[in-house]
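Structure file input_27.cif; described as mmCIF, C-alpha atoms, pLDDT in the B column; chains and numbers go by the auth columns.
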```cif
data_upload
#
loop_
_atom_site.group_PDB
_atom_site.id
_atom_site.type_symbol
_atom_site.label_atom_id
_atom_site.label_comp_id
_atom_site.label_asym_id
_atom_site.label_seq_id
_atom_site.Cartn_x
_atom_site.Cartn_y
_atom_site.Cartn_z
_atom_site.B_iso_or_equiv
_atom_site.auth_seq_id
_atom_site.auth_asym_id
ATOM 1 C CA MET A 1 0.000 0.000 0.000 64.00 1 A
ATOM 2 C CA LEU A 2 1.179 3.529 -0.701 75.00 2 A
ATOM 3 C CA THR A 3 2.053 5.619 2.327 78.00 3 A
ATOM 4 C CA ASP A 4 1.568 9.364 2.431 78.00 4 A
ATOM 5 C CA GLY A 5 5.329 9.958 2.339 81.00 5 A
ATOM 6 C CA THR A 6 5.788 7.775 -0.715 83.00 6 A
ATOM 7 C CA LEU A 7 2.798 9.381 -2.435 81.00 7 A
ATOM 8 C CA GLN A 8 4.312 12.819 -1.821 86.00 8 A
ATOM 9 C CA GLN A 9 7.607 11.606 -3.283 87.00 9 A
ATOM 10 C CA LEU A 10 5.781 10.361 -6.388 89.00 10 A
ATOM 11 C CA GLN A 11 4.064 13.734 -6.874 90.00 11 A
ATOM 12 C CA ARG A 12 7.439 15.495 -7.286 91.00 12 A
ATOM 13 C CA TYR A 13 8.285 13.715 -10.533 92.00 13 A
ATOM 14 C CA ASN A 14 6.838 13.684 -14.039 94.00 14 A
ATOM 15 C CA PHE A 15 7.293 9.983 -14.768 92.00 15 A
ATOM 16 C CA ASP A 16 5.663 10.247 -18.204 93.00 16 A
ATOM 17 C CA LEU A 17 8.360 12.694 -19.302 93.00 17 A
ATOM 18 C CA LEU A 18 11.100 10.600 -17.712 92.00 18 A
ATOM 19 C CA ALA A 19 9.798 7.494 -19.522 93.00 19 A
ATOM 20 C CA ARG A 20 9.779 9.281 -22.898 95.00 20 A
ATOM 21 C CA GLN A 21 13.377 10.419 -22.411 94.00 21 A
ATOM 22 C CA GLU A 22 14.686 7.089 -21.119 92.00 22 A
ATOM 23 C CA LEU A 23 16.587 4.878 -23.566 91.00 23 A
ATOM 24 C CA ASN A 24 16.770 1.831 -21.287 90.00 24 A
ATOM 25 C CA GLY A 25 13.601 -0.222 -21.757 92.00 25 A
ATOM 26 C CA LEU A 26 13.517 -1.725 -18.281 91.00 26 A
ATOM 27 C CA ARG A 27 13.968 1.603 -16.553 93.00 27 A
ATOM 28 C CA ARG A 28 11.316 3.094 -18.866 95.00 28 A
ATOM 29 C CA MET A 29 8.864 0.411 -17.741 95.00 29 A
ATOM 30 C CA ARG A 30 9.643 1.230 -14.115 95.00 30 A
ATOM 31 C CA TYR A 31 8.898 4.909 -14.750 95.00 31 A
ATOM 32 C CA ILE A 32 5.592 3.994 -16.403 96.00 32 A
ATOM 33 C CA ALA A 33 4.700 1.780 -13.424 95.00 33 A
ATOM 34 C CA LEU A 34 5.340 4.668 -11.031 95.00 34 A
ATOM 35 C CA ALA A 35 3.294 6.974 -13.263 95.00 35 A
ATOM 36 C CA HIS A 36 0.351 4.569 -12.961 95.00 36 A
ATOM 37 C CA LEU A 37 0.797 4.382 -9.178 94.00 37 A
ATOM 38 C CA LYS A 38 0.908 8.165 -9.042 93.00 38 A
ATOM 39 C CA ASP A 39 -2.400 8.228 -10.952 93.00 39 A
ATOM 40 C CA GLY A 40 -3.981 6.110 -8.221 91.00 40 A
ATOM 41 C CA LYS A 41 -3.919 2.609 -9.682 93.00 41 A
ATOM 42 C CA ASN A 42 -3.201 -0.302 -7.367 94.00 42 A
ATOM 43 C CA PHE A 43 -0.325 -2.777 -7.726 95.00 43 A
ATOM 44 C CA THR A 44 -2.390 -5.435 -9.478 95.00 44 A
ATOM 45 C CA GLU A 45 -3.753 -3.005 -12.083 96.00 45 A
ATOM 46 C CA VAL A 46 -0.276 -1.664 -12.832 95.00 46 A
ATOM 47 C CA ALA A 47 1.151 -5.188 -13.056 96.00 47 A
ATOM 48 C CA ASP A 48 -1.605 -6.291 -15.437 96.00 48 A
ATOM 49 C CA ALA A 49 -1.106 -3.219 -17.631 95.00 49 A
ATOM 50 C CA LEU A 50 2.666 -3.811 -17.904 95.00 50 A
ATOM 51 C CA ARG A 51 2.464 -7.610 -17.930 96.00 51 A
ATOM 52 C CA VAL A 52 4.727 -8.039 -14.927 96.00 52 A
ATOM 53 C CA THR A 53 4.106 -9.421 -11.465 96.00 53 A
ATOM 54 C CA ARG A 54 2.678 -7.177 -8.798 95.00 54 A
ATOM 55 C CA HIS A 55 5.697 -8.060 -6.656 96.00 55 A
ATOM 56 C CA SER A 56 7.930 -6.435 -9.278 94.00 56 A
ATOM 57 C CA VAL A 57 5.855 -3.259 -9.102 95.00 57 A
ATOM 58 C CA MET A 58 6.047 -3.330 -5.304 94.00 58 A
ATOM 59 C CA ARG A 59 9.836 -3.831 -5.469 93.00 59 A
ATOM 60 C CA TRP A 60 10.231 -0.867 -7.847 93.00 60 A
ATOM 61 C CA LEU A 61 8.190 1.340 -5.546 93.00 61 A
ATOM 62 C CA LYS A 62 10.325 0.241 -2.597 91.00 62 A
ATOM 63 C CA TRP A 63 13.495 1.046 -4.535 90.00 63 A
ATOM 64 C CA PHE A 64 12.111 4.470 -5.411 90.00 64 A
ATOM 65 C CA ALA A 65 11.063 5.161 -1.815 90.00 65 A
ATOM 66 C CA CYS A 66 14.525 4.224 -0.511 87.00 66 A
ATOM 67 C CA GLY A 67 16.764 5.709 -3.187 86.00 67 A
ATOM 68 C CA GLY A 68 14.777 8.032 -5.395 87.00 68 A
ATOM 69 C CA VAL A 69 14.724 7.990 -9.182 89.00 69 A
ATOM 70 C CA GLY A 70 18.396 7.002 -9.426 86.00 70 A
ATOM 71 C CA ARG A 71 17.718 3.727 -7.635 86.00 71 A
ATOM 72 C CA LEU A 72 15.342 2.611 -10.406 86.00 72 A
ATOM 73 C CA ALA A 73 18.362 1.609 -12.499 82.00 73 A
ATOM 74 C CA GLY A 74 18.258 -1.689 -10.600 77.00 74 A
ATOM 75 C CA THR A 75 20.805 -3.570 -8.586 70.00 75 A
ATOM 76 C CA PRO A 76 24.405 -3.801 -9.747 64.00 76 A
ATOM 77 C CA HIS A 77 25.544 -7.317 -10.572 60.00 77 A
ATOM 78 C CA TYR A 78 28.861 -7.512 -8.791 57.00 78 A
ATOM 79 C CA TRP A 79 29.131 -11.226 -9.402 54.00 79 A
ATOM 80 C CA SER A 80 29.305 -10.751 -13.147 51.00 80 A
ATOM 81 C CA THR A 81 32.348 -8.512 -13.097 56.00 81 A
ATOM 82 C CA GLN A 82 35.733 -10.080 -13.531 61.00 82 A
ATOM 83 C CA ARG A 83 37.712 -10.139 -10.345 79.00 83 A
ATOM 84 C CA LEU A 84 41.137 -10.826 -11.844 85.00 84 A
ATOM 85 C CA PRO A 85 42.283 -7.774 -13.816 84.00 85 A
ATOM 86 C CA LYS A 86 43.190 -8.380 -17.466 85.00 86 A
ATOM 87 C CA MET A 87 46.746 -7.197 -16.871 89.00 87 A
ATOM 88 C CA GLN A 88 47.280 -9.986 -14.310 90.00 88 A
ATOM 89 C CA GLU A 89 45.979 -12.829 -16.491 90.00 89 A
ATOM 90 C CA GLU A 90 49.391 -13.754 -17.889 92.00 90 A
ATOM 91 C CA GLY A 91 50.915 -13.727 -14.396 92.00 91 A
ATOM 92 C CA PHE A 92 48.086 -15.968 -13.219 92.00 92 A
ATOM 93 C CA ARG A 93 48.671 -18.360 -16.111 90.00 93 A
ATOM 94 C CA GLN A 94 52.368 -18.612 -15.223 91.00 94 A
ATOM 95 C CA ALA A 95 51.586 -19.068 -11.525 91.00 95 A
ATOM 96 C CA VAL A 96 49.276 -22.012 -12.280 88.00 96 A
ATOM 97 C CA GLU A 97 51.959 -23.619 -14.465 85.00 97 A
ATOM 98 C CA GLN A 98 54.550 -23.123 -11.716 87.00 98 A
ATOM 99 C CA LEU A 99 52.174 -24.664 -9.208 86.00 99 A
ATOM 100 C CA GLN A 100 51.773 -27.727 -11.427 81.00 100 A
ATOM 101 C CA ASP A 101 55.534 -28.025 -11.976 78.00 101 A
ATOM 102 C CA ALA A 102 56.217 -27.692 -8.243 81.00 102 A
ATOM 103 C CA ARG A 103 54.065 -30.724 -7.497 74.00 103 A
ATOM 104 C CA GLY A 104 56.130 -33.853 -7.015 63.00 104 A
ATOM 105 C CA GLY A 105 53.071 -35.952 -7.639 62.00 105 A
ATOM 106 C CA GLY A 106 49.356 -35.435 -7.899 66.00 106 A
ATOM 107 C CA ARG A 107 47.531 -32.753 -9.757 75.00 107 A
ATOM 108 C CA VAL A 108 46.515 -29.167 -9.136 81.00 108 A
ATOM 109 C CA ARG A 109 42.902 -29.013 -8.010 86.00 109 A
ATOM 110 C CA GLY A 110 40.445 -26.154 -8.359 88.00 110 A
ATOM 111 C CA GLU A 111 40.735 -25.516 -4.618 91.00 111 A
ATOM 112 C CA ASP A 112 44.522 -25.138 -4.977 90.00 112 A
ATOM 113 C CA ILE A 113 44.022 -22.552 -7.714 91.00 113 A
ATOM 114 C CA ARG A 114 41.393 -20.755 -5.621 92.00 114 A
ATOM 115 C CA GLN A 115 43.894 -20.471 -2.767 93.00 115 A
ATOM 116 C CA LEU A 116 46.565 -19.263 -5.204 92.00 116 A
ATOM 117 C CA LEU A 117 44.223 -16.517 -6.416 92.00 117 A
ATOM 118 C CA SER A 118 43.459 -15.519 -2.855 90.00 118 A
ATOM 119 C CA GLU A 119 47.038 -15.485 -1.575 91.00 119 A
ATOM 120 C CA ARG A 120 49.030 -14.210 -4.535 91.00 120 A
ATOM 121 C CA PHE A 121 46.500 -12.062 -6.410 89.00 121 A
ATOM 122 C CA ALA A 122 44.236 -10.996 -3.503 87.00 122 A
ATOM 123 C CA VAL A 123 40.997 -11.873 -5.300 88.00 123 A
ATOM 124 C CA ALA A 124 38.184 -14.072 -3.999 87.00 124 A
ATOM 125 C CA TYR A 125 36.672 -16.690 -6.285 89.00 125 A
ATOM 126 C CA SER A 126 34.223 -19.494 -5.739 88.00 126 A
ATOM 127 C CA LEU A 127 35.218 -22.911 -6.992 89.00 127 A
ATOM 128 C CA ASN A 128 32.888 -22.570 -9.986 90.00 128 A
ATOM 129 C CA GLY A 129 34.347 -19.118 -10.620 88.00 129 A
ATOM 130 C CA VAL A 130 37.841 -20.633 -10.755 90.00 130 A
ATOM 131 C CA TYR A 131 36.733 -23.124 -13.398 89.00 131 A
ATOM 132 C CA ASP A 132 35.014 -20.347 -15.369 88.00 132 A
ATOM 133 C CA LEU A 133 38.201 -18.259 -15.211 89.00 133 A
ATOM 134 C CA LEU A 134 40.305 -21.178 -16.432 89.00 134 A
ATOM 135 C CA LYS A 135 37.865 -21.795 -19.281 88.00 135 A
ATOM 136 C CA ARG A 136 37.885 -18.108 -20.243 86.00 136 A
ATOM 137 C CA LEU A 137 41.706 -18.183 -20.347 88.00 137 A
ATOM 138 C CA ASP A 138 41.668 -21.421 -22.409 86.00 138 A
ATOM 139 C CA MET A 139 43.454 -23.341 -19.682 84.00 139 A
ATOM 140 C CA ALA A 140 42.642 -26.984 -19.092 72.00 140 A
ATOM 141 C CA TRP A 141 42.006 -27.551 -15.421 62.00 141 A
ATOM 142 C CA ILE A 142 42.295 -31.313 -15.852 60.00 142 A
ATOM 143 C CA SER A 143 45.990 -31.979 -16.166 54.00 143 A
ATOM 144 C CA ALA A 144 47.640 -35.081 -17.525 52.00 144 A
ATOM 145 C CA ARG A 145 48.445 -37.813 -15.073 58.00 145 A
ATOM 146 C CA SER A 146 51.458 -36.805 -13.069 61.00 146 A
ATOM 147 C CA ILE A 147 54.636 -38.856 -12.962 68.00 147 A
ATOM 148 C CA SER A 148 55.272 -40.621 -9.714 72.00 148 A
ATOM 149 C CA PRO A 149 58.460 -39.523 -7.946 72.00 149 A
ATOM 150 C CA HIS A 150 59.214 -43.239 -7.436 81.00 150 A
ATOM 151 C CA ALA A 151 59.013 -44.098 -11.159 82.00 151 A
ATOM 152 C CA ASP A 152 62.089 -45.591 -12.830 86.00 152 A
ATOM 153 C CA PRO A 153 62.126 -44.819 -16.573 85.00 153 A
ATOM 154 C CA VAL A 154 64.756 -47.512 -17.274 91.00 154 A
ATOM 155 C CA LYS A 155 62.633 -50.271 -15.698 89.00 155 A
ATOM 156 C CA GLN A 156 59.532 -48.985 -17.517 86.00 156 A
ATOM 157 C CA ALA A 157 61.323 -49.127 -20.880 87.00 157 A
ATOM 158 C CA ALA A 158 62.493 -52.673 -20.152 88.00 158 A
ATOM 159 C CA LEU A 159 58.939 -53.711 -19.236 87.00 159 A
ATOM 160 C CA LYS A 160 57.543 -52.235 -22.442 85.00 160 A
ATOM 161 C CA LYS A 161 60.221 -54.055 -24.471 84.00 161 A
ATOM 162 C CA ASN A 162 59.413 -57.404 -22.802 84.00 162 A
ATOM 163 C CA LEU A 163 55.656 -56.932 -23.320 80.00 163 A
ATOM 164 C CA SER A 164 55.969 -56.018 -27.010 75.00 164 A
ATOM 165 C CA SER A 165 58.167 -59.070 -27.764 72.00 165 A
ATOM 166 C CA ARG A 166 55.475 -61.512 -26.614 66.00 166 A
#
```

Can the structure in the file be given as structure tokens, please?
Amino acid sequence: MLTDGTLQQLQRYNFDLLARQELNGLRRMRYIALAHLKDGKNFTEVADALRVTRHSVMRWLKWFACGGVGRLAGTPHYWSTQRLPKMQEEGFRQAVEQLQDARGGGRVRGEDIRQLLSERFAVAYSLNGVYDLLKRLDMAWISARSISPHADPVKQAALKKNLSSR
């Protein structure tokens, strides 16, 4: 329901004019919704007219009441921004390769790379974010089977020779 304070805030703006000037379609729809509310329509009527849910209309009004017209741009999507700067991508690539080379046995896991990003590059990634980053940089996160530190290449060659002669 509209409070008196919110109704007074709505009266200060010409939402029809703002909607005509707005290039962003979603923000334009939000202006039109507030224009309808200003004209006295209820949430359900506005939602039906714009073919959105009444909860969306209520959310837009709440945003407007809390942050004014500027808040109608929506919420920023911080999760979609890249955390590792482009200029550090090559350093990251080299650090992952060094991490793999430093392993005596075993493979580098996504969790190991996540810790590397946190400690050396001071950026926080989820495990899925690490795999997305590796994919974006065209790096295979599944490495080849590592060589055991106890392997003896001479004995392996002899075994292969004996097996092929049979």

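Taking only C-alpha atoms into account, the protein, DNA and RNA residues within 12 Å of (49.1, -16.8, -16.1) read Leu84, Pro85, Lys86, Met87, Gln88, Glu89, Glu90, Gly91, Phe92, Arg93, Gln94, Ala95, Val96, Glu97, Gln98, Leu99, Ile113, Leu116, Leu117, Arg120, Phe121, Leu133, Leu134, Leu137, Asp138 and Met139 of chain A.
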
request  = Could you expand the PyMOL selection byres ((chain A and resi 11) around 12) into the explicit residues it covers here, written as an MDAnalysis selection string?
outcome  = chainID A and resid 4:10 12:16 34:40

message = Taking all atoms listed in the file into account, name the residue in A:Val130, A:Val69, A:Ala151, A:Ala33 that is nearest to Val57 in chain A.
response = A:Ala33

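Distance check against Glu22 in chain A using all atoms listed in the file: of A:Leu2, A:Leu72, A:His55, A:Tyr131, the minimum falls on A:Leu72.
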
task = State, in Å with one decimal place, the distance from CA of Lys160 in chain A to CA of Arg107 in chain A.
result =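 So the answer is 25.3 Å.
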
inquiry  = Just the number, please: distance in Å from CA of Ala65 in chain A to CA of Thr3 in chain A, one decimal.
reply    =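 The value is 9.9 Å.
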
Could you list the residues chosen by the PyMOL selection byres ((chain A and resi 63) around 12) in this structure as an mmCIF file with C-alpha atoms, in the coordinates of the input?
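Wrote it out as result.cif, contents follow:
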```cif
data_model
loop_
_atom_site.group_PDB
_atom_site.id
_atom_site.type_symbol
_atom_site.label_atom_id
_atom_site.label_comp_id
_atom_site.auth_asym_id
_atom_site.auth_seq_id
_atom_site.Cartn_x
_atom_site.Cartn_y
_atom_site.Cartn_z
ATOM 1 C CA THR A 6 5.788 7.775 -0.715
ATOM 2 C CA ARG A 30 9.643 1.230 -14.115
ATOM 3 C CA TYR A 31 8.898 4.909 -14.750
ATOM 4 C CA LEU A 34 5.340 4.668 -11.031
ATOM 5 C CA SER A 56 7.930 -6.435 -9.278
ATOM 6 C CA VAL A 57 5.855 -3.259 -9.102
ATOM 7 C CA MET A 58 6.047 -3.330 -5.304
ATOM 8 C CA ARG A 59 9.836 -3.831 -5.469
ATOM 9 C CA TRP A 60 10.231 -0.867 -7.847
ATOM 10 C CA LEU A 61 8.190 1.340 -5.546
ATOM 11 C CA LYS A 62 10.325 0.241 -2.597
ATOM 12 C CA PHE A 64 12.111 4.470 -5.411
ATOM 13 C CA ALA A 65 11.063 5.161 -1.815
ATOM 14 C CA CYS A 66 14.525 4.224 -0.511
ATOM 15 C CA GLY A 67 16.764 5.709 -3.187
ATOM 16 C CA GLY A 68 14.777 8.032 -5.395
ATOM 17 C CA VAL A 69 14.724 7.990 -9.182
ATOM 18 C CA GLY A 70 18.396 7.002 -9.426
ATOM 19 C CA ARG A 71 17.718 3.727 -7.635
ATOM 20 C CA LEU A 72 15.342 2.611 -10.406
ATOM 21 C CA ALA A 73 18.362 1.609 -12.499
ATOM 22 C CA GLY A 74 18.258 -1.689 -10.600
ATOM 23 C CA THR A 75 20.805 -3.570 -8.586
#
```

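CA of Gly110 in chain A is found 16.4 Å from CA of Ala122 in chain A.
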
task = List every protein, DNA or RNA residue that has at least one atom no more than 10 Å from (-1.5, -5.5, -8.0) in the file's coordinates, counting all atoms listed in the file, and write the result as a list in words.
result =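 Checked against the point, the hits come out as Met1, Lys41, Asn42, Phe43, Thr44, Glu45, Val46, Ala47, Asp48, Ala49, Val52, Thr53, Arg54, His55, Ser56, Val57 and Met58 of chain A.
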
Include C-alpha atoms and write out the residues we just selected as a compact mmCIF listing (two decimals), in the frame of the given file.
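As a result, part_18.txt now contains:
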```
# COMPACT_ATOMS: atom_id res chain seq x y z
CA MET A 1 0.00 0.00 0.00
CA LYS A 41 -3.92 2.61 -9.68
CA ASN A 42 -3.20 -0.30 -7.37
CA PHE A 43 -0.32 -2.78 -7.73
CA THR A 44 -2.39 -5.44 -9.48
CA GLU A 45 -3.75 -3.00 -12.08
CA VAL A 46 -0.28 -1.66 -12.83
CA ALA A 47 1.15 -5.19 -13.06
CA ASP A 48 -1.60 -6.29 -15.44
CA ALA A 49 -1.11 -3.22 -17.63
CA VAL A 52 4.73 -8.04 -14.93
CA THR A 53 4.11 -9.42 -11.46
CA ARG A 54 2.68 -7.18 -8.80
CA HIS A 55 5.70 -8.06 -6.66
CA SER A 56 7.93 -6.44 -9.28
CA VAL A 57 5.86 -3.26 -9.10
CA MET A 58 6.05 -3.33 -5.30
```

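Remark: for Arg109 in chain A, the closest of the candidate residues A:Leu159, A:Leu50, A:Leu127, A:Leu23 is A:Leu127 (distances computed over only C-alpha atoms).
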